[in-house]
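The structure appears right after this line, and notes come after that.
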Number of protein chains: 2
Amino acid sequence: MKNHTRLDPDILRVGHLLADAARRETLKYFRTTDLSTDNKVADGYDPVTVADRAAERAMLDILAQERPDDAVLGEEYGAVSGTSGLTWVLDPIDGTRGFVSGTPTWGVLIAVGDADGPFFGIIDQPYIGERFIGGPGLATVTGPTGTHKLQTRKSRDLSEATVFTTFPEVGTKAEGAAFAQVSQKARLTRYGTDCYAYALVAAGQVDLVIEASLQAYDLQAPIAVVQAAGGIVTDWQGGPAHNGGRALAAANPEIHAQALEMLRHCAP
Amino acid sequence: MKNHTRLDPDILRVGHLLADAARRETLKYFRTTDLSTDNKVADGYDPVTVADRAAERAMLDILAQERPDDAVLGEEYGAVSGTSGLTWVLDPIDGTRGFVSGTPTWGVLIAVGDADGPFFGIIDQPYIGERFIGGPGLATVTGPTGTHKLQTRKSRDLSEATVFTTFPEVGTKAEGAAFAQVSQKARLTRYGTDCYAYALVAAGQVDLVIEASLQAYDLQAPIAVVQAAGGIVTDWQGGPAHNGGRALAAANPEIHAQALEMLRHCAP
C-alpha cells in the first residue's frame, strides 16, 4: 500500500456520495413484492434486479461528475477507462440472492485501488443503515449504535474460532472438501452472509471467511476494510486475492496460517 | 384461535414493554469483545450469554409487575405459574450463535398463548431496530423504513420458491435428507437466519422455512406472526407445532402442501 499512508480526503468524500446514492436506489426496491429479477445464467439462479442496475448507474453518474480521471470497474456495466491510475471498483448489490430474499446481510461494495490492489473500501448495508469503512488510517463502522473503531480479533486456536461462508457447497467438490476440513476443526460455522461476513471479521466478531469463485468486485472492498482493521485477506495459496477467485479472510496472521495449511493443497 | 378475534390492547402494550426492555439489555452486550459465553451442552456449542439472562430477567420483572396473573415460560429461567389461562413464552435471544458472531438476524421472541397455542407474537431484531408483530387483526413490521403491513406471498410452484433453514444439517440424518428433497426442488435455499427467516415469510419475501429440534419458545412467536400475515406453520405431519420439534412454515396452503408431501414420510 505504498503512497497510501494517508487517505486523500476527496476519495472519502466521494465514497460517501456513492454509498449514499446506492443506499437510496437499493432501498426503493428492497422488500417490494413486485421486484423483477431475471436470470443471468441458464443453469442456476443469479438474479439481476433493477435495483442493482439503478444503484450502479447512480454511482457511475457521480463518478463521471466528481472523479472524471479515475477508471471504474462495475459489476453490471463493465469498465470505464481513466488516466489517474486509480480505479473505483463497484458492486451495487453483493448478495443479490439475499437481497431478493429480504435478508439484511447483502451490501453495497465500493473500493478504490491502484496497480497494487485496493487501498480504500466501503461495505454499506442500506437497510440497517450501517457503513463499514477501511483505508489508510481509517477503520470505522457507523450504524444504529453510533460510530465504532473496527479492530479484528486477537489470535485464538482454530478449535475456538468462528468460520463463515455463504453457502455450504462453497464451490467445486474439492473446494467444498477443503472448506469442510477447516469447518470441522472450528467451533462454529455459519452460512448465508455474503459480504457481511467480511465486515464481521473487521468488527472483531468472526475469525475466518472462506469462499471461492469470487469476482474482483466481490472482494476489493472487503479486502480494504478487513486489512484496515488489522486482518489479512489472501487467496488459498497465500497470494493476493484482489483479482477474485478463492478468498481466505482472517482476523490475524496466526489463524490465517492455520486455515491456509488446510486450504493450500486444494486442487485448482 | 377462538376468543381472540380482537387482541386485548393490554397484551400489545406489555408486549412492547418487554421487547423494549430486551432490546436495551441485549444491545448492551451485542458485538462487545468481552462477551462471556459458556457451554450449555458438553457436546457441541450452545452459548448462553449474559445478554440472554439479563434480557429474560428484565422481561420477567415487567411481567411480575404488569401481568401478575399470567403464566410465563422462558428459555433461561423456566416456568412461572399463573391463574389467567394465558402464558407468555419468552426467548430472550433466539439465535445465540448468530448473536455471538455479530450477525443481525437473531431476535427476541415474545408470544402469548392459551390452551390452543399462541395467538400473539413479536419477533424483535434489536440491532436493526425492527419489530414484527402478529395477532388477531394485527400484522405489521416497524423498522428502518417505517411501518408496513405483513402479508405472506401468493402461491407459486416449489420450483420458483425460496426455502430457508438455519444450518444445512437441519437435524438427524433423516431430517437432513427430507429437507434436501425440498431444497433440491426449490429455486433458492438460504441458511443462517434463525427466527429471522420466519419474519421474512411474514414479510412476503420467503416461501418456506423448514427446521427441526426446536423448543416451544423458538416457535410460538414465529407461529403467531406468520399466521397473522396469512401463512401456515405446522410440524412435518401437518399438526400443531407450538410445542416445538419439527417446523414447516409456509407462505400459503399450496406451497405448504407441496413441502409437506416430501417431509411427512421422514422417520421420527
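Residue names in the C-alpha cells use chain letters A, B, ... in the order shown, residue numbers from 1 in each chain, and ligand numbers from 1 in the order shown.
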
Residue neighbourhood range 123-126 of chain A, 10 Å, only C-alpha atoms, exclusion window fewer than 3 positions, as an MDAnalysis selection string:
(chainID A and resid 16 19:20 22:27 30 91:94 104:111 129:134 141:143 195:196 198:199 221:222 224:225) or (chainID B and resid 144)

Given the selection you just returned, output its residues as a file containing N, CA and C atoms, formatted as a short mmCIF file (atom, residue, chain, number, x, y, z; two decimals), in the first residue's frame.
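Okay, this is what ended up in again-v7.cif:
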```cif
data_model
loop_
_atom_site.label_atom_id
_atom_site.label_comp_id
_atom_site.auth_asym_id
_atom_site.auth_seq_id
_atom_site.Cartn_x
_atom_site.Cartn_y
_atom_site.Cartn_z
N HIS A 16 -18.48 8.30 0.24
CA HIS A 16 -19.75 8.51 0.93
C HIS A 16 -20.87 8.90 -0.04
N ALA A 19 -21.98 5.73 -1.76
CA ALA A 19 -22.70 4.82 -0.87
C ALA A 19 -24.09 5.38 -0.54
N ASP A 20 -24.17 6.70 -0.37
CA ASP A 20 -25.48 7.33 -0.11
C ASP A 20 -26.42 7.11 -1.30
N ALA A 22 -26.27 4.76 -3.64
CA ALA A 22 -26.63 3.35 -3.79
C ALA A 22 -27.62 2.94 -2.71
N ARG A 23 -27.49 3.51 -1.54
CA ARG A 23 -28.44 3.22 -0.46
C ARG A 23 -29.85 3.66 -0.87
N ARG A 24 -29.94 4.88 -1.38
CA ARG A 24 -31.24 5.40 -1.84
C ARG A 24 -31.85 4.50 -2.91
N GLU A 25 -31.05 4.13 -3.90
CA GLU A 25 -31.59 3.36 -5.03
C GLU A 25 -31.99 1.95 -4.61
N THR A 26 -31.15 1.30 -3.82
CA THR A 26 -31.46 -0.09 -3.46
C THR A 26 -32.68 -0.15 -2.54
N LEU A 27 -32.82 0.82 -1.65
CA LEU A 27 -33.96 0.77 -0.71
C LEU A 27 -35.29 1.06 -1.40
N PHE A 30 -35.88 -2.77 -2.20
CA PHE A 30 -35.72 -3.86 -1.22
C PHE A 30 -37.06 -4.18 -0.56
N ASP A 91 -19.64 -2.90 -6.63
CA ASP A 91 -20.64 -3.96 -6.70
C ASP A 91 -21.89 -3.40 -6.04
N PRO A 92 -22.88 -3.01 -6.85
CA PRO A 92 -24.03 -2.29 -6.30
C PRO A 92 -24.81 -3.12 -5.29
N ILE A 93 -24.96 -4.41 -5.54
CA ILE A 93 -25.58 -5.30 -4.54
C ILE A 93 -24.77 -6.58 -4.51
N ASP A 94 -23.92 -6.73 -3.51
CA ASP A 94 -23.24 -8.01 -3.29
C ASP A 94 -24.17 -8.85 -2.44
N PRO A 104 -30.99 -8.93 5.68
CA PRO A 104 -30.26 -7.67 5.80
C PRO A 104 -28.76 -7.85 5.78
N THR A 105 -28.24 -8.81 5.02
CA THR A 105 -26.79 -9.06 5.02
C THR A 105 -26.16 -8.93 3.64
N TRP A 106 -26.90 -8.42 2.65
CA TRP A 106 -26.29 -8.02 1.38
C TRP A 106 -25.64 -6.65 1.61
N GLY A 107 -24.87 -6.20 0.62
CA GLY A 107 -24.22 -4.90 0.81
C GLY A 107 -23.85 -4.24 -0.48
N VAL A 108 -23.62 -2.94 -0.40
CA VAL A 108 -23.05 -2.16 -1.49
C VAL A 108 -21.54 -2.14 -1.27
N LEU A 109 -20.78 -2.53 -2.29
CA LEU A 109 -19.32 -2.57 -2.16
C LEU A 109 -18.68 -1.52 -3.06
N ILE A 110 -17.82 -0.72 -2.47
CA ILE A 110 -17.12 0.35 -3.18
C ILE A 110 -15.65 0.27 -2.78
N ALA A 111 -14.76 0.16 -3.76
CA ALA A 111 -13.33 0.13 -3.45
C ALA A 111 -12.59 1.08 -4.37
N GLY A 129 -28.66 0.60 7.71
CA GLY A 129 -28.08 1.92 7.81
C GLY A 129 -26.70 1.86 8.44
N GLU A 130 -25.91 0.91 7.92
CA GLU A 130 -24.63 0.59 8.56
C GLU A 130 -23.52 0.67 7.51
N ARG A 131 -22.44 1.40 7.84
CA ARG A 131 -21.38 1.59 6.86
C ARG A 131 -20.02 1.26 7.47
N PHE A 132 -19.38 0.24 6.92
CA PHE A 132 -18.02 -0.17 7.31
C PHE A 132 -17.04 0.47 6.34
N ILE A 133 -16.05 1.19 6.86
CA ILE A 133 -15.08 1.88 6.01
C ILE A 133 -13.67 1.52 6.43
N GLY A 134 -12.82 1.22 5.45
CA GLY A 134 -11.43 0.93 5.75
C GLY A 134 -10.50 1.58 4.74
N VAL A 141 -16.94 1.66 11.74
CA VAL A 141 -18.31 1.31 11.34
C VAL A 141 -19.24 2.34 11.96
N THR A 142 -20.17 2.84 11.14
CA THR A 142 -21.20 3.75 11.63
C THR A 142 -22.54 3.09 11.37
N GLY A 143 -23.32 2.93 12.44
CA GLY A 143 -24.60 2.23 12.29
C GLY A 143 -25.57 2.61 13.38
N CYS A 195 -21.12 -10.53 1.61
CA CYS A 195 -20.07 -9.57 2.03
C CYS A 195 -20.12 -9.23 3.51
N TYR A 196 -21.27 -9.42 4.14
CA TYR A 196 -21.41 -9.02 5.54
C TYR A 196 -20.44 -9.81 6.44
N TYR A 198 -17.34 -10.50 5.86
CA TYR A 198 -16.05 -9.79 5.91
C TYR A 198 -16.13 -8.59 6.85
N ALA A 199 -17.28 -7.91 6.82
CA ALA A 199 -17.49 -6.78 7.74
C ALA A 199 -17.40 -7.27 9.19
N ALA A 221 -13.48 -4.31 -1.92
CA ALA A 221 -13.88 -3.53 -0.73
C ALA A 221 -13.66 -4.35 0.55
N PRO A 222 -14.10 -5.62 0.59
CA PRO A 222 -13.80 -6.43 1.79
C PRO A 222 -12.32 -6.48 2.13
N ALA A 224 -9.98 -4.23 1.56
CA ALA A 224 -9.55 -2.94 2.13
C ALA A 224 -10.08 -2.77 3.55
N VAL A 225 -11.32 -3.17 3.79
CA VAL A 225 -11.92 -2.99 5.13
C VAL A 225 -11.28 -3.94 6.14
N PRO B 144 -36.45 0.31 10.01
CA PRO B 144 -35.74 1.48 9.48
C PRO B 144 -36.51 2.25 8.40
#
```

Per residue of chain A within 9 Å of chain B, what are the shortest atom pair and its distance in Å to one decimal, counting only C-alpha atoms, with rows by chain and residue number, as a Markdown table?
```
| residue | atom | partner | partner_atom | distance |
| --- | --- | --- | --- | --- |
| A:Leu27 | CA | B:Thr145 | CA | 8.6 |
| A:Arg31 | CA | B:Gln205 | CA | 6.7 |
| A:Thr32 | CA | B:Gln205 | CA | 8.6 |
| A:Thr33 | CA | B:Gly204 | CA | 7.1 |
| A:Gly44 | CA | B:Arg187 | CA | 8.0 |
| A:Tyr45 | CA | B:Arg187 | CA | 7.0 |
| A:Arg97 | CA | B:Leu188 | CA | 7.8 |
| A:Gly98 | CA | B:Arg190 | CA | 7.9 |
| A:Val100 | CA | B:Gln205 | CA | 7.2 |
| A:Ser101 | CA | B:Gln205 | CA | 5.1 |
| A:Gly102 | CA | B:Gln205 | CA | 5.6 |
| A:Thr103 | CA | B:Leu200 | CA | 7.6 |
| A:Pro104 | CA | B:Pro104 | CA | 7.3 |
| A:Thr105 | CA | B:Pro104 | CA | 7.8 |
| A:Tyr127 | CA | B:Pro144 | CA | 6.6 |
| A:Ile128 | CA | B:Ile128 | CA | 5.3 |
| A:Gly129 | CA | B:Pro144 | CA | 7.9 |
| A:Gly143 | CA | B:Ile128 | CA | 9.0 |
| A:Pro144 | CA | B:Tyr127 | CA | 6.6 |
| A:Thr145 | CA | B:Tyr127 | CA | 7.7 |
| A:Arg153 | CA | B:Thr33 | CA | 8.2 |
| A:Thr162 | CA | B:Ser101 | CA | 7.3 |
| A:Thr166 | CA | B:Tyr191 | CA | 8.3 |
| A:Phe167 | CA | B:Tyr191 | CA | 7.4 |
| A:Pro168 | CA | B:Pro168 | CA | 7.2 |
| A:Arg187 | CA | B:Tyr45 | CA | 7.0 |
| A:Leu188 | CA | B:Tyr45 | CA | 7.3 |
| A:Thr189 | CA | B:Phe167 | CA | 8.9 |
| A:Arg190 | CA | B:Gly192 | CA | 6.0 |
| A:Tyr191 | CA | B:Gly192 | CA | 5.1 |
| A:Gly192 | CA | B:Tyr191 | CA | 5.1 |
| A:Thr193 | CA | B:Gly192 | CA | 7.8 |
| A:Tyr196 | CA | B:Thr103 | CA | 8.2 |
| A:Ala197 | CA | B:Thr103 | CA | 8.2 |
| A:Leu200 | CA | B:Gly102 | CA | 6.5 |
| A:Ala203 | CA | B:Arg31 | CA | 7.9 |
| A:Gly204 | CA | B:Thr33 | CA | 7.1 |
| A:Gln205 | CA | B:Ser101 | CA | 5.1 |
| A:Val206 | CA | B:Ser101 | CA | 5.9 |
```

For the structure I just gave you, how does DSSP split range 12-260 of chain B - specifically, which residues are strand (DSSP E or B)? Reply as a ChimeraX atom specification.
/B:37-39,47-49,71-74,78-80,87-94,107-114,117-125,130-135,138-143,146-149,162-165,188-191,208-215,232-234,244-250

Residues within 12 Å of range 70-85 of chain B, only C-alpha atoms, excluding chain neighbours under 5 positions, as a count of residues only:
47

Can you list, as a ChimeraX atom specification, all residues belonging to range 156-251 of chain A that DSSP tags as helix (DSSP H, G or I)?
/A:158-160,173-185,196-202,216-228

Can I get the selection written as a compact mmCIF listing (two decimals), in the first residue's frame, with N, CA and C atoms?
```txt
# COMPACT_ATOMS: atom_id res chain seq x y z
N LEU A 158 -7.89 -22.47 16.11
CA LEU A 158 -8.99 -22.79 15.21
C LEU A 158 -10.14 -23.49 15.95
N SER A 159 -9.80 -24.29 16.96
CA SER A 159 -10.84 -25.01 17.71
C SER A 159 -11.75 -24.05 18.49
N GLU A 160 -11.34 -22.79 18.61
CA GLU A 160 -12.14 -21.77 19.31
C GLU A 160 -12.72 -20.76 18.33
N LYS A 173 -16.22 -29.46 -5.88
CA LYS A 173 -16.19 -30.52 -4.88
C LYS A 173 -14.93 -30.45 -4.03
N ALA A 174 -13.80 -30.19 -4.67
CA ALA A 174 -12.53 -30.08 -3.94
C ALA A 174 -12.55 -28.87 -3.01
N GLU A 175 -13.11 -27.77 -3.47
CA GLU A 175 -13.18 -26.57 -2.64
C GLU A 175 -14.10 -26.78 -1.44
N GLY A 176 -15.22 -27.49 -1.69
CA GLY A 176 -16.13 -27.81 -0.59
C GLY A 176 -15.46 -28.69 0.45
N ALA A 177 -14.66 -29.66 -0.02
CA ALA A 177 -13.96 -30.58 0.90
C ALA A 177 -12.89 -29.84 1.70
N ALA A 178 -12.18 -28.93 1.05
CA ALA A 178 -11.15 -28.16 1.74
C ALA A 178 -11.78 -27.27 2.81
N PHE A 179 -12.90 -26.64 2.46
CA PHE A 179 -13.61 -25.82 3.45
C PHE A 179 -14.06 -26.68 4.63
N ALA A 180 -14.59 -27.87 4.32
CA ALA A 180 -15.11 -28.75 5.38
C ALA A 180 -14.01 -29.13 6.38
N GLN A 181 -12.80 -29.30 5.88
CA GLN A 181 -11.66 -29.60 6.77
C GLN A 181 -11.48 -28.52 7.82
N VAL A 182 -11.54 -27.26 7.37
CA VAL A 182 -11.40 -26.13 8.31
C VAL A 182 -12.62 -26.07 9.22
N SER A 183 -13.78 -26.15 8.61
CA SER A 183 -15.04 -26.03 9.34
C SER A 183 -15.16 -27.06 10.46
N GLN A 184 -14.74 -28.29 10.15
CA GLN A 184 -14.85 -29.36 11.15
C GLN A 184 -13.95 -29.14 12.36
N LYS A 185 -12.88 -28.39 12.17
CA LYS A 185 -11.99 -28.10 13.29
C LYS A 185 -12.41 -26.84 14.06
N TYR A 196 -21.27 -9.42 4.14
CA TYR A 196 -21.41 -9.02 5.54
C TYR A 196 -20.44 -9.81 6.44
N ALA A 197 -20.08 -11.00 6.02
CA ALA A 197 -19.15 -11.81 6.81
C ALA A 197 -17.79 -11.12 6.93
N TYR A 198 -17.34 -10.50 5.86
CA TYR A 198 -16.05 -9.79 5.91
C TYR A 198 -16.13 -8.59 6.85
N ALA A 199 -17.28 -7.91 6.82
CA ALA A 199 -17.49 -6.78 7.74
C ALA A 199 -17.40 -7.27 9.19
N LEU A 200 -17.90 -8.48 9.45
CA LEU A 200 -17.85 -9.03 10.80
C LEU A 200 -16.44 -9.45 11.21
N VAL A 201 -15.62 -9.84 10.25
CA VAL A 201 -14.19 -10.05 10.57
C VAL A 201 -13.58 -8.73 11.01
N ALA A 202 -13.84 -7.68 10.24
CA ALA A 202 -13.30 -6.35 10.57
C ALA A 202 -13.81 -5.87 11.93
N ALA A 216 -13.51 -9.92 -8.84
CA ALA A 216 -12.72 -8.83 -8.25
C ALA A 216 -13.63 -7.86 -7.49
N TYR A 217 -14.79 -7.53 -8.06
CA TYR A 217 -15.68 -6.55 -7.41
C TYR A 217 -16.33 -7.10 -6.14
N ASP A 218 -16.35 -8.43 -5.96
CA ASP A 218 -16.84 -9.03 -4.71
C ASP A 218 -15.84 -8.84 -3.57
N LEU A 219 -14.58 -8.73 -3.91
CA LEU A 219 -13.53 -8.85 -2.90
C LEU A 219 -12.78 -7.56 -2.57
N GLN A 220 -12.74 -6.61 -3.50
CA GLN A 220 -11.83 -5.48 -3.29
C GLN A 220 -12.21 -4.64 -2.07
N ALA A 221 -13.48 -4.31 -1.92
CA ALA A 221 -13.88 -3.53 -0.73
C ALA A 221 -13.66 -4.35 0.55
N PRO A 222 -14.10 -5.62 0.59
CA PRO A 222 -13.80 -6.43 1.79
C PRO A 222 -12.32 -6.48 2.13
N ILE A 223 -11.45 -6.62 1.14
CA ILE A 223 -10.01 -6.65 1.40
C ILE A 223 -9.57 -5.37 2.11
N ALA A 224 -9.98 -4.23 1.56
CA ALA A 224 -9.55 -2.94 2.13
C ALA A 224 -10.08 -2.77 3.55
N VAL A 225 -11.32 -3.17 3.79
CA VAL A 225 -11.92 -2.99 5.13
C VAL A 225 -11.28 -3.94 6.14
N VAL A 226 -11.13 -5.20 5.77
CA VAL A 226 -10.54 -6.19 6.70
C VAL A 226 -9.09 -5.82 7.01
N GLN A 227 -8.32 -5.45 5.99
CA GLN A 227 -6.90 -5.13 6.23
C GLN A 227 -6.74 -3.87 7.07
N ALA A 228 -7.59 -2.87 6.84
CA ALA A 228 -7.52 -1.64 7.65
C ALA A 228 -7.82 -1.92 9.12
```

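For the atom pair formed by CA of Thr87 in chain A and CA of Gly245 in chain A, the distance is 19.2 Å, given to one decimal.
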